[in-house]
Number of protein chains: 2
Amino acid sequence: MKLSDQKTAEGILFTDQYQLTMVQLYYRVGLHEKPALFDHFFRDYPQYDGHVSGYCVNAGLAWLLDWMQRVRFRPEDIEFLRSQTTRTGDRLFAEDFLDWLGREGTFQSLRMRAIPEGRVVHPNVPLTVVEGPLGTSQILETALLNHLNFQTLIATKAARIRESARGGLLLEFGLRRGQDKGANAATRAALIGGADFSSNVGMSSVLGYLPKGTHAHSVVQVFMALGEGELEAFRAYADVYPDDCILLIDTIDTLESGLPNAIRVFEELRRKGHQPAGIRLDSGDLAFLSIQAAKTLDEHGFPETSIVLSNNLDELVIWQIITQIQQEAPRYGVDPDRLIQRLAYGVGTRLITSWGEPALGGVYKLVAVRGDEGWAPALKLSESARKVPSPGHKDVWRVYDHRGKATADLLTLKDEDPQQREEMLIRHPVDRTQSRTLRKDEVSEMEPLLKEVYAHGRRLARTPTIEEMRAQRQADVARLDPGVRRLLNPHIYHVSLSERLWNLKLELMKSAQRRH
Amino acid sequence: MKLSDQKTAEGILFTDQYQLTMVQLYYRVGLHEKPALFDHFFRDYPQYDGHVSGYCVNAGLAWLLDWMQRVRFRPEDIEFLRSQTTRTGDRLFAEDFLDWLGREGTFQSLRMRAIPEGRVVHPNVPLTVVEGPLGTSQILETALLNHLNFQTLIATKAARIRESARGGLLLEFGLRRGQDKGANAATRAALIGGADFSSNVGMSSVLGYLPKGTHAHSVVQVFMALGEGELEAFRAYADVYPDDCILLIDTIDTLESGLPNAIRVFEELRRKGHQPAGIRLDSGDLAFLSIQAAKTLDEHGFPETSIVLSNNLDELVIWQIITQIQQEAPRYGVDPDRLIQRLAYGVGTRLITSWGEPALGGVYKLVAVRGDEGWAPALKLSESARKVPSPGHKDVWRVYDHRGKATADLLTLKDEDPQQREEMLIRHPVDRTQSRTLRKDEVSEMEPLLKEVYAHGRRLARTPTIEEMRAQRQADVARLDPGVRRLLNPHIYHVSLSERLWNLKLELMKSAQRRH
């Protein structure tokens with residue numbers, strides 16, 4: 001795409017057409033400046049090929065705020081809208097509306113609260129709350145969902161792979177299978193969610209990380225095509241990178257050619273006073289080959305070299321490899337725990353596409369409008385009760401038990417303070433038969449999750465660094481019950497409504513159903 | 001992301017770290033300017049939840065060429081590379097290499113041939129062929145794969161949905177579930193592959209399409225929250241868009257509330273001389289509700305209104321809906337064919353993520369290097385024979401039979417002209433027992449598929465418009481055997497090698513295996 005086109009396609013017109021036609025309708029009937037409240041949340045955890053996740057990791061907010069601060073309706077954007085016609089050839093957007101858009105169509109008038117990036121999050125909990133004139137808050141919908149859905153999706157997948165890889169070094173390698181420039185957002189989200197480094201040079205530069213990589217098969221192929229062989233290719237590589245020498249050993253034959261050649265070169269490096277870094281395996285039975293490579297490397301006095309695995313890895317494949325190593329390494333005289341500790345994982349396609357569930361179904365729903373008599377909660381009724389969002393102004397609290405583990409996210413009305421209550425009835429968000437009493441003495445902490453992040457066209461706080469977001473994610477994951485962290489069949493985390501919020505929802509559903 | 005960061009992350013550093021370390025190695029051993037030849041191809045058709053596609057639609061080239069023409073190593077990019085260190089704290093990239101990168105690190109020296117966008121393509125056929133100095137052609141790998149893999153993936157999914165939707169209007173609605181700004185590439189690819197329009201305002205503007213959309217549930221909710229109802233919301237919408245009035249009828253209750261309210265408003269529109277455009281259904285049993293809505297609309301004299309369906313549609317869901325309508329509409333007195341003709345499809349998540357297979361495994365493989373004795377074909381051996389790419393300089397021919405249907409894509413060596421041959425033996429690319437004889441009298445046309453597209457830093461031809469690409473795709477799909485177009489269990493299209501190419505591959509594999 002040309003740069004001038006990119007400005008158009010990534011500016012304020014990075015939205016769905018119906019947002020603009022709806023806002024013209026609001027403008028026409030005088031509702032465009034009515035205060036409105038929208039909640040952003042997702043309804044279900046991702047299910048990777050049917051395996052539901054026990055939690056998500058929130059990400060994407062800083063980029064959304066950058067976008068909001070930057071965009072506005074430029075004259076050329078207005079001109080494009082002016083050129084649109086209806087089926088009968090009339091102009092679709094009227095001039096007075098376009099005037100207003102050009103003048104007022106920015107996000108300056110919105111206030112936003114949000115759960116910070118890197119935090120563990122759960123379904124049906126507002127992750128972002130937007131308050132402001134109906135018109136501009138409606139226009140924001142598409143871009144908000146685009147930015148937050150995708151990064152949260154990828155950060156969540158990365159957190160699962162992190163879980164499965166235990167302490168092993170996790171490298172994000174997916175740029176070639178990524179989604180055009182969206183791959184950069186994925187790299188950022190992967191780092192927030194659990195990757196240690198990325199191969200993506202540009203994004204690593206922007207985020208202050210050292211990009212990582214080894215070499216490709218083509219190095220060996222070039223030497224072979226020119227009449228030399230793998231050994232000469234490895235020697236050349238070791239010559240240029242004596243202290244960072246990781247050799248890819250599967251171009252010809254992993255155990256018969258690559259491994260002995262690598263060891264020869266490692267011995268040469270050692271004689272020159274360098275410490276070889278490791279090998280990479282990119283095909284074949286990675287568990288079996290790791291064991292054989294570890295055994296041979298140990299025998300030749302290279303127990304410190306790492307073994308980088310790649311080739312369609314994800315959380316289940318890594319889990320399987322580790323399990324197989326635990327079972328089989330001893331029979332080859334290899335200590336499985338030591339082998340597992342030297343493994344590193346290059347994860348490409350299956351991280352950057354969130355393999356098994358390539359979209360997060362986050363939504364942005366109107367939950368209240370301010371009418372003449374104050375705020376009126378809004379509901380949509382046709383769906384199953386399960387999909388009816390909680391109405392009105394709310395707060396979100398994370399409830400920790402005496403072990404310091406998070407036991408529930410609690411949604412309350414904004415004027416309730418659950419910290420003051422000796423005990424309170426809390427409700428399942430949908431099933432009216434399920435409720436329980438939360439007593440103050442079983443709670444060690446109630447943490448409010450939503451922070452003020454944006455008002456008057458400006459951020460209200462410094463954007464945390466990626467390192468800070470990672471630390472937050474690590475802390476939050478550590479405070480989950482181990483059952484919730486399980487990769488398969490996790491224990492389902494509780495999201496509950498306060499009694500007052502539950503009653504409001506019920507009452508609104510009843511009265512709306514009566515009316516129609 | 002901030003704009004200055006975006007320039008870095010989307011510039012020439014939009015690559016994997018190992019490309020740069022490999023190129024420094026080539027530079028150090030004096031191979032960086034050796035002429036090299038890389039093929040880009042994919043090995044397998046996408047498999048959507050296990051259902052293999054019978055063909056792909058090529059896309060992404062124009063954006064890759066835009067990128068190649070724009071980027072270069074800027075001083076700040078070089079500075080970032082200069083700052084990188086090895087494990088022992090030395091500089092990773094040496095100053096002479098960085099000098100060379102800053103001076104020569106552009107794509108000016110490359111020549112590129114490619115199959116044009118919008119063409120139907122098949123596995124193991126070079127879609128893009130890059131020839132040029134080993135250094136710069138290696139650097140290109142990541143960005144080339146990123147641009148071409150993703151758009152080809154999405155164009156292919158769109159073509160399948162197009163197939164399933166028959167002549168129905170197909171609208172791309174996926175921006176909110178897209179991959180950050182990568183969603184714009186997906187919109188473009190969807191239009192190439194089969195979508196008629198998109199809701200994405202910015203990309204539609206850039207590509208010269210009218211963006212499409214209806215309205216969301218929030219319009220109805222706003223009116224309800226302010227004490228009015230669905231009917232008032234519909235009336236307001238119809239007032240502003242009397243000639244483009246498509247009403248979303250499932251906010252409260254589709255058949256009990258939405259449909260009767262829509263019909264009332266349509267009747268009012270008709271009295272004012274306007275032609276109502278249609279309704280949209282976004283939840284529930286879309287086949288059943290379409291039949292009921294069509295019946296009621298017909299009874300009230302609105303047989304021309306369209307019925308827009310949305311909600312997790314993809315090719316299989318649409319197929320199922322159409323099948324169900326064919327079976328059930330007659331029992332309600334509705335003509336199924338007329339109903340199917342008035343359907344339009346808003347396809348979001350499952351198109352923009354290529355649901356069921358979210359990545360295309362396109363690769364970029366070294367196939368020849370020029371040594372002192374001319375071009376030397378390059379092979380990688382460790383993989384199964386299936387994965388060994390065809391070596392050397394090649395051409396690609398599409399062979400049409402007397403029905404005008406494409407029967408095979410034929411790979412030959414560049415100095416062969418299969419059009420001159422009375423008969424030729426053609427080989428299965430992998431299985432040595434499979435071959436057949438192609439006789440001139442069974443062939444109506446042999447079409448060379450690769451075009452020269454880039455040299456000396458410039459495009460060699462005008463970029464076709466999206467309309468031209470769409471026309472090409474339609475023509476190519478029409479020339480496929482119906483069995484190849486099937487959504488499930490398609491007939492497998494033939495990709496064959498000429499006898500000479502096959503013999504070269506065999507000979508190289510043998511000699512390389514002997515050497516190691």
# chains A, B, ... in the order shown; residues from 1 in each chain; ligands from 1

call {"tool": "select_by_dssp", "arguments": {"residues": "segment 100-132 of chain A", "states": "alpha helix (DSSP H)", "output": "list in words"}}
result
Trp100, Leu101, Gly102, Arg103 and Glu104 of chain A

call {"tool": "write_last_selection", "arguments": {"atoms": "N, CA and C atoms", "output": "JSON list (two decimals), in the first residue's frame"}}
result
[["chain", "number", "residue", "atom", "x", "y", "z"],
["A", 100, "TRP", "N", -20.15, 18.76, 11.16],
["A", 100, "TRP", "CA", -20.02, 18.38, 12.56],
["A", 100, "TRP", "C", -18.91, 17.35, 12.75],
["A", 101, "LEU", "N", -18.87, 16.36, 11.85],
["A", 101, "LEU", "CA", -17.83, 15.33, 11.93],
["A", 101, "LEU", "C", -16.44, 15.96, 11.87],
["A", 102, "GLY", "N", -16.26, 16.85, 10.90],
["A", 102, "GLY", "CA", -14.95, 17.48, 10.72],
["A", 102, "GLY", "C", -14.56, 18.29, 11.94],
["A", 103, "ARG", "N", -15.55, 18.85, 12.62],
["A", 103, "ARG", "CA", -15.30, 19.72, 13.77],
["A", 103, "ARG", "C", -15.20, 18.93, 15.07],
["A", 104, "GLU", "N", -16.15, 17.99, 15.26],
["A", 104, "GLU", "CA", -16.29, 17.33, 16.57],
["A", 104, "GLU", "C", -15.89, 15.85, 16.53]]

call {"tool": "residues_around", "arguments": {"residues": "Ala344 of chain B", "least_positions_apart": "3", "cutoff": "10 Å", "atoms": "only C-alpha atoms", "output": "ChimeraX atom specification"}}
result
/B:165,167-171,278,280,306-310,340-341,347

call {"tool": "write_last_selection", "arguments": {"atoms": "all heavy atoms", "output": "short mmCIF file (atom, residue, chain, number, x, y, z; two decimals), in the first residue's frame"}}
result
data_model
loop_
_atom_site.label_atom_id
_atom_site.label_comp_id
_atom_site.auth_asym_id
_atom_site.auth_seq_id
_atom_site.Cartn_x
_atom_site.Cartn_y
_atom_site.Cartn_z
N ALA B 165 -21.72 -19.03 -1.70
CA ALA B 165 -22.80 -18.03 -1.73
C ALA B 165 -23.37 -17.88 -3.14
O ALA B 165 -24.28 -17.08 -3.35
CB ALA B 165 -22.27 -16.68 -1.23
N GLY B 167 -24.35 -16.61 -6.51
CA GLY B 167 -24.34 -15.22 -6.99
C GLY B 167 -24.67 -14.19 -5.92
O GLY B 167 -24.74 -13.00 -6.21
N GLY B 168 -24.93 -14.64 -4.68
CA GLY B 168 -25.39 -13.70 -3.64
C GLY B 168 -24.36 -12.63 -3.32
O GLY B 168 -23.16 -12.88 -3.41
N LEU B 169 -24.85 -11.48 -2.91
CA LEU B 169 -23.96 -10.38 -2.55
C LEU B 169 -23.16 -10.78 -1.32
O LEU B 169 -23.71 -11.21 -0.31
CB LEU B 169 -24.80 -9.13 -2.24
CG LEU B 169 -24.03 -7.82 -2.15
CD1 LEU B 169 -23.60 -7.35 -3.53
CD2 LEU B 169 -24.90 -6.75 -1.48
N LEU B 170 -21.84 -10.62 -1.40
CA LEU B 170 -20.96 -11.04 -0.31
C LEU B 170 -20.25 -9.81 0.25
O LEU B 170 -19.52 -9.12 -0.47
CB LEU B 170 -19.95 -12.06 -0.86
CG LEU B 170 -18.98 -12.68 0.13
CD1 LEU B 170 -19.73 -13.40 1.23
CD2 LEU B 170 -18.07 -13.66 -0.61
N LEU B 171 -20.47 -9.55 1.54
CA LEU B 171 -19.93 -8.35 2.18
C LEU B 171 -18.91 -8.75 3.22
O LEU B 171 -19.19 -9.59 4.08
CB LEU B 171 -21.07 -7.58 2.86
CG LEU B 171 -22.27 -7.27 1.96
CD1 LEU B 171 -23.44 -6.74 2.79
CD2 LEU B 171 -21.87 -6.26 0.88
N GLY B 278 -34.21 -3.62 2.59
CA GLY B 278 -34.21 -4.98 3.11
C GLY B 278 -34.09 -5.06 4.61
O GLY B 278 -34.21 -4.06 5.33
N ARG B 280 -31.93 -7.24 7.99
CA ARG B 280 -30.76 -8.06 8.32
C ARG B 280 -31.10 -8.95 9.51
O ARG B 280 -31.75 -8.52 10.46
CB ARG B 280 -29.55 -7.18 8.68
CG ARG B 280 -28.33 -8.00 9.13
CD ARG B 280 -27.00 -7.27 8.99
NE ARG B 280 -26.76 -6.27 9.99
CZ ARG B 280 -25.98 -6.44 11.08
NH1 ARG B 280 -25.37 -7.60 11.30
NH2 ARG B 280 -25.80 -5.46 11.94
N SER B 306 -34.08 -7.22 0.04
CA SER B 306 -33.10 -8.27 0.25
C SER B 306 -33.07 -8.68 1.73
O SER B 306 -33.55 -7.96 2.61
CB SER B 306 -31.73 -7.85 -0.24
OG SER B 306 -31.30 -6.73 0.45
N ILE B 307 -32.51 -9.84 1.97
CA ILE B 307 -32.38 -10.37 3.33
C ILE B 307 -30.89 -10.60 3.56
O ILE B 307 -30.29 -11.46 2.93
CB ILE B 307 -33.19 -11.67 3.49
CG1 ILE B 307 -34.69 -11.39 3.23
CG2 ILE B 307 -32.98 -12.27 4.87
CD1 ILE B 307 -35.58 -12.63 3.25
N VAL B 308 -30.34 -9.78 4.43
CA VAL B 308 -28.90 -9.86 4.71
C VAL B 308 -28.70 -10.77 5.92
O VAL B 308 -29.32 -10.55 6.96
CB VAL B 308 -28.31 -8.46 5.01
CG1 VAL B 308 -26.79 -8.56 5.20
CG2 VAL B 308 -28.65 -7.47 3.90
N LEU B 309 -27.86 -11.77 5.76
CA LEU B 309 -27.56 -12.68 6.86
C LEU B 309 -26.17 -12.39 7.42
O LEU B 309 -25.24 -12.10 6.67
CB LEU B 309 -27.62 -14.14 6.37
CG LEU B 309 -28.89 -14.56 5.65
CD1 LEU B 309 -28.81 -16.04 5.27
CD2 LEU B 309 -30.13 -14.30 6.53
N SER B 310 -26.03 -12.49 8.72
CA SER B 310 -24.71 -12.36 9.34
C SER B 310 -24.73 -13.18 10.62
O SER B 310 -25.78 -13.61 11.06
CB SER B 310 -24.36 -10.89 9.61
OG SER B 310 -25.35 -10.27 10.40
N ILE B 340 -33.33 -17.60 -2.21
CA ILE B 340 -31.86 -17.66 -2.25
C ILE B 340 -31.31 -16.48 -3.05
O ILE B 340 -30.27 -15.91 -2.70
CB ILE B 340 -31.41 -19.04 -2.79
CG1 ILE B 340 -31.75 -20.12 -1.75
CG2 ILE B 340 -29.92 -19.05 -3.12
CD1 ILE B 340 -31.72 -21.53 -2.29
N GLN B 341 -32.04 -16.11 -4.11
CA GLN B 341 -31.55 -14.98 -4.92
C GLN B 341 -31.60 -13.65 -4.18
O GLN B 341 -30.88 -12.72 -4.53
CB GLN B 341 -32.37 -14.86 -6.20
CG GLN B 341 -31.86 -15.79 -7.30
CD GLN B 341 -32.86 -15.96 -8.42
OE1 GLN B 341 -33.67 -15.06 -8.66
NE2 GLN B 341 -32.82 -17.10 -9.07
N VAL B 347 -20.00 -11.39 6.04
CA VAL B 347 -19.08 -12.39 6.57
C VAL B 347 -17.94 -11.68 7.29
O VAL B 347 -17.23 -10.86 6.70
CB VAL B 347 -18.54 -13.29 5.44
CG1 VAL B 347 -17.64 -14.36 6.02
CG2 VAL B 347 -19.70 -13.92 4.69
#

call {"tool": "closest_atom_pairs", "arguments": {"of": "chain A", "to": "chain B", "cutoff": "6 Å", "atoms": "only C-alpha atoms", "output": "CSV"}}
result
residue,atom,partner,partner_atom,distance
A:Met1,CA,B:Trp63,CA,5.0
A:Asp5,CA,B:Val206,CA,5.8
A:Thr8,CA,B:Gly202,CA,5.7
A:Ala9,CA,B:Gly202,CA,4.1
A:Leu13,CA,B:Gly202,CA,4.5
A:Phe14,CA,B:Gly202,CA,5.3
A:Thr15,CA,B:Asn200,CA,5.7
A:Asp16,CA,B:Ser199,CA,4.9
A:Gln17,CA,B:Ser199,CA,5.2
A:Tyr18,CA,B:Gly213,CA,4.7
A:Trp63,CA,B:Met1,CA,5.0
A:Asp66,CA,B:Met1,CA,6.0
A:Thr142,CA,B:Arg176,CA,5.1
A:Leu145,CA,B:Arg176,CA,5.1
A:Asn146,CA,B:Arg176,CA,4.3
A:His147,CA,B:Asp180,CA,5.5
A:Phe150,CA,B:Gln179,CA,5.5
A:Arg176,CA,B:Asn146,CA,4.3
A:Arg177,CA,B:Asn146,CA,5.7
A:Gly178,CA,B:Asn146,CA,5.9
A:Gln179,CA,B:Gly182,CA,5.1
A:Asp180,CA,B:Gly182,CA,4.8
A:Lys181,CA,B:Gly182,CA,5.1
A:Gly182,CA,B:Gly182,CA,4.1
A:Ser199,CA,B:Asp16,CA,4.8
A:Asn200,CA,B:Asp16,CA,4.9
A:Val201,CA,B:Leu13,CA,5.4
A:Gly202,CA,B:Ala9,CA,4.1
A:Met203,CA,B:Ala9,CA,5.1
A:Val206,CA,B:Asp5,CA,5.8
A:Pro211,CA,B:Gln17,CA,5.9
A:Lys212,CA,B:Gln17,CA,5.8
A:Gly213,CA,B:Tyr18,CA,4.7
A:Thr214,CA,B:Tyr18,CA,5.5
A:His215,CA,B:Tyr18,CA,5.3
A:Gln221,CA,B:Ala378,CA,5.9
A:Ala225,CA,B:Ala378,CA,5.2
A:Leu226,CA,B:Gly371,CA,5.8
A:Thr251,CA,B:Ser382,CA,5.4
A:Ile252,CA,B:Ser382,CA,4.4
A:Asp253,CA,B:Ser382,CA,5.1
A:Gly371,CA,B:Leu226,CA,5.7
A:Ala376,CA,B:Ala225,CA,5.5
A:Ala378,CA,B:Ala225,CA,5.2
A:Lys380,CA,B:Thr251,CA,5.8
A:Leu381,CA,B:Ile252,CA,5.0
A:Ser382,CA,B:Ile252,CA,4.5

call {"tool": "atom_distance", "arguments": {"atom1": "atom CA of Val484 of chain B", "atom2": "atom CA of Thr156 of chain B"}}
result
13.4 Å

call {"tool": "atom_distance", "arguments": {"atom1": "atom CA of Cys56 of chain B", "atom2": "atom CA of Gln419 of chain B"}}
result
25.5 Å

call {"tool": "residues_around", "arguments": {"residues": "Leu449 of chain B", "least_positions_apart": "4", "cutoff": "9 Å", "atoms": "only C-alpha atoms", "output": "number ranges by chain"}}
result
B: 114-116, 119, 127, 395-398

call {"tool": "write_last_selection", "arguments": {"atoms": "N, CA and C atoms", "output": "short mmCIF file (atom, residue, chain, number, x, y, z; two decimals), in the first residue's frame"}}
result
data_model
loop_
_atom_site.label_atom_id
_atom_site.label_comp_id
_atom_site.auth_asym_id
_atom_site.auth_seq_id
_atom_site.Cartn_x
_atom_site.Cartn_y
_atom_site.Cartn_z
N ALA B 114 6.60 -13.26 -11.28
CA ALA B 114 5.53 -13.68 -10.37
C ALA B 114 4.28 -14.03 -11.16
N ILE B 115 3.47 -14.88 -10.56
CA ILE B 115 2.12 -15.14 -11.09
C ILE B 115 1.25 -13.98 -10.61
N PRO B 116 0.49 -13.36 -11.51
CA PRO B 116 -0.27 -12.16 -11.11
C PRO B 116 -1.32 -12.42 -10.03
N ARG B 119 -4.97 -14.74 -9.79
CA ARG B 119 -4.91 -16.02 -10.50
C ARG B 119 -5.09 -17.18 -9.53
N LEU B 127 5.32 -19.28 -7.21
CA LEU B 127 4.40 -18.15 -7.39
C LEU B 127 5.20 -16.87 -7.61
N ASP B 395 10.19 -22.58 -15.60
CA ASP B 395 9.00 -21.89 -16.06
C ASP B 395 7.78 -22.68 -15.62
N VAL B 396 6.64 -21.99 -15.59
CA VAL B 396 5.40 -22.64 -15.20
C VAL B 396 4.38 -22.44 -16.32
N TRP B 397 3.76 -23.53 -16.72
CA TRP B 397 2.77 -23.50 -17.80
C TRP B 397 1.45 -24.05 -17.28
N ARG B 398 0.37 -23.39 -17.65
CA ARG B 398 -0.95 -23.96 -17.34
C ARG B 398 -1.46 -24.62 -18.62
#

call {"tool": "atom_distance", "arguments": {"atom1": "atom CA of Leu413 of chain A", "atom2": "atom CA of Ser498 of chain A"}}
result
7.6 Å

call {"tool": "residues_around", "arguments": {"residues": "segment 290-304 of chain A", "least_positions_apart": "2", "cutoff": "9 Å", "atoms": "only C-alpha atoms", "output": "JSON, numbers by chain"}}
result
{"A": [254, 255, 259, 260, 263, 266, 267, 275, 276, 277, 278, 279, 281, 285, 286, 287, 288, 306, 307, 309, 325, 328, 329, 332, 333, 334, 336, 339, 342, 343]}

call {"tool": "select_by_dssp", "arguments": {"residues": "segment 446-512 of chain B", "states": "strand (DSSP E or B)", "output": "MDAnalysis selection string"}}
result
chainID B and resid 446:448 451:455 458:459 494:498

call {"tool": "residues_around", "arguments": {"residues": "Asn489 of chain A", "least_positions_apart": "5", "cutoff": "12 Å", "atoms": "only C-alpha atoms", "output": "list in words"}}
result
Gln47, Tyr48, Gly50, His51, Val52, Ser53, Gly54, Tyr55, Pro482, Gly483 and Val484 of chain A
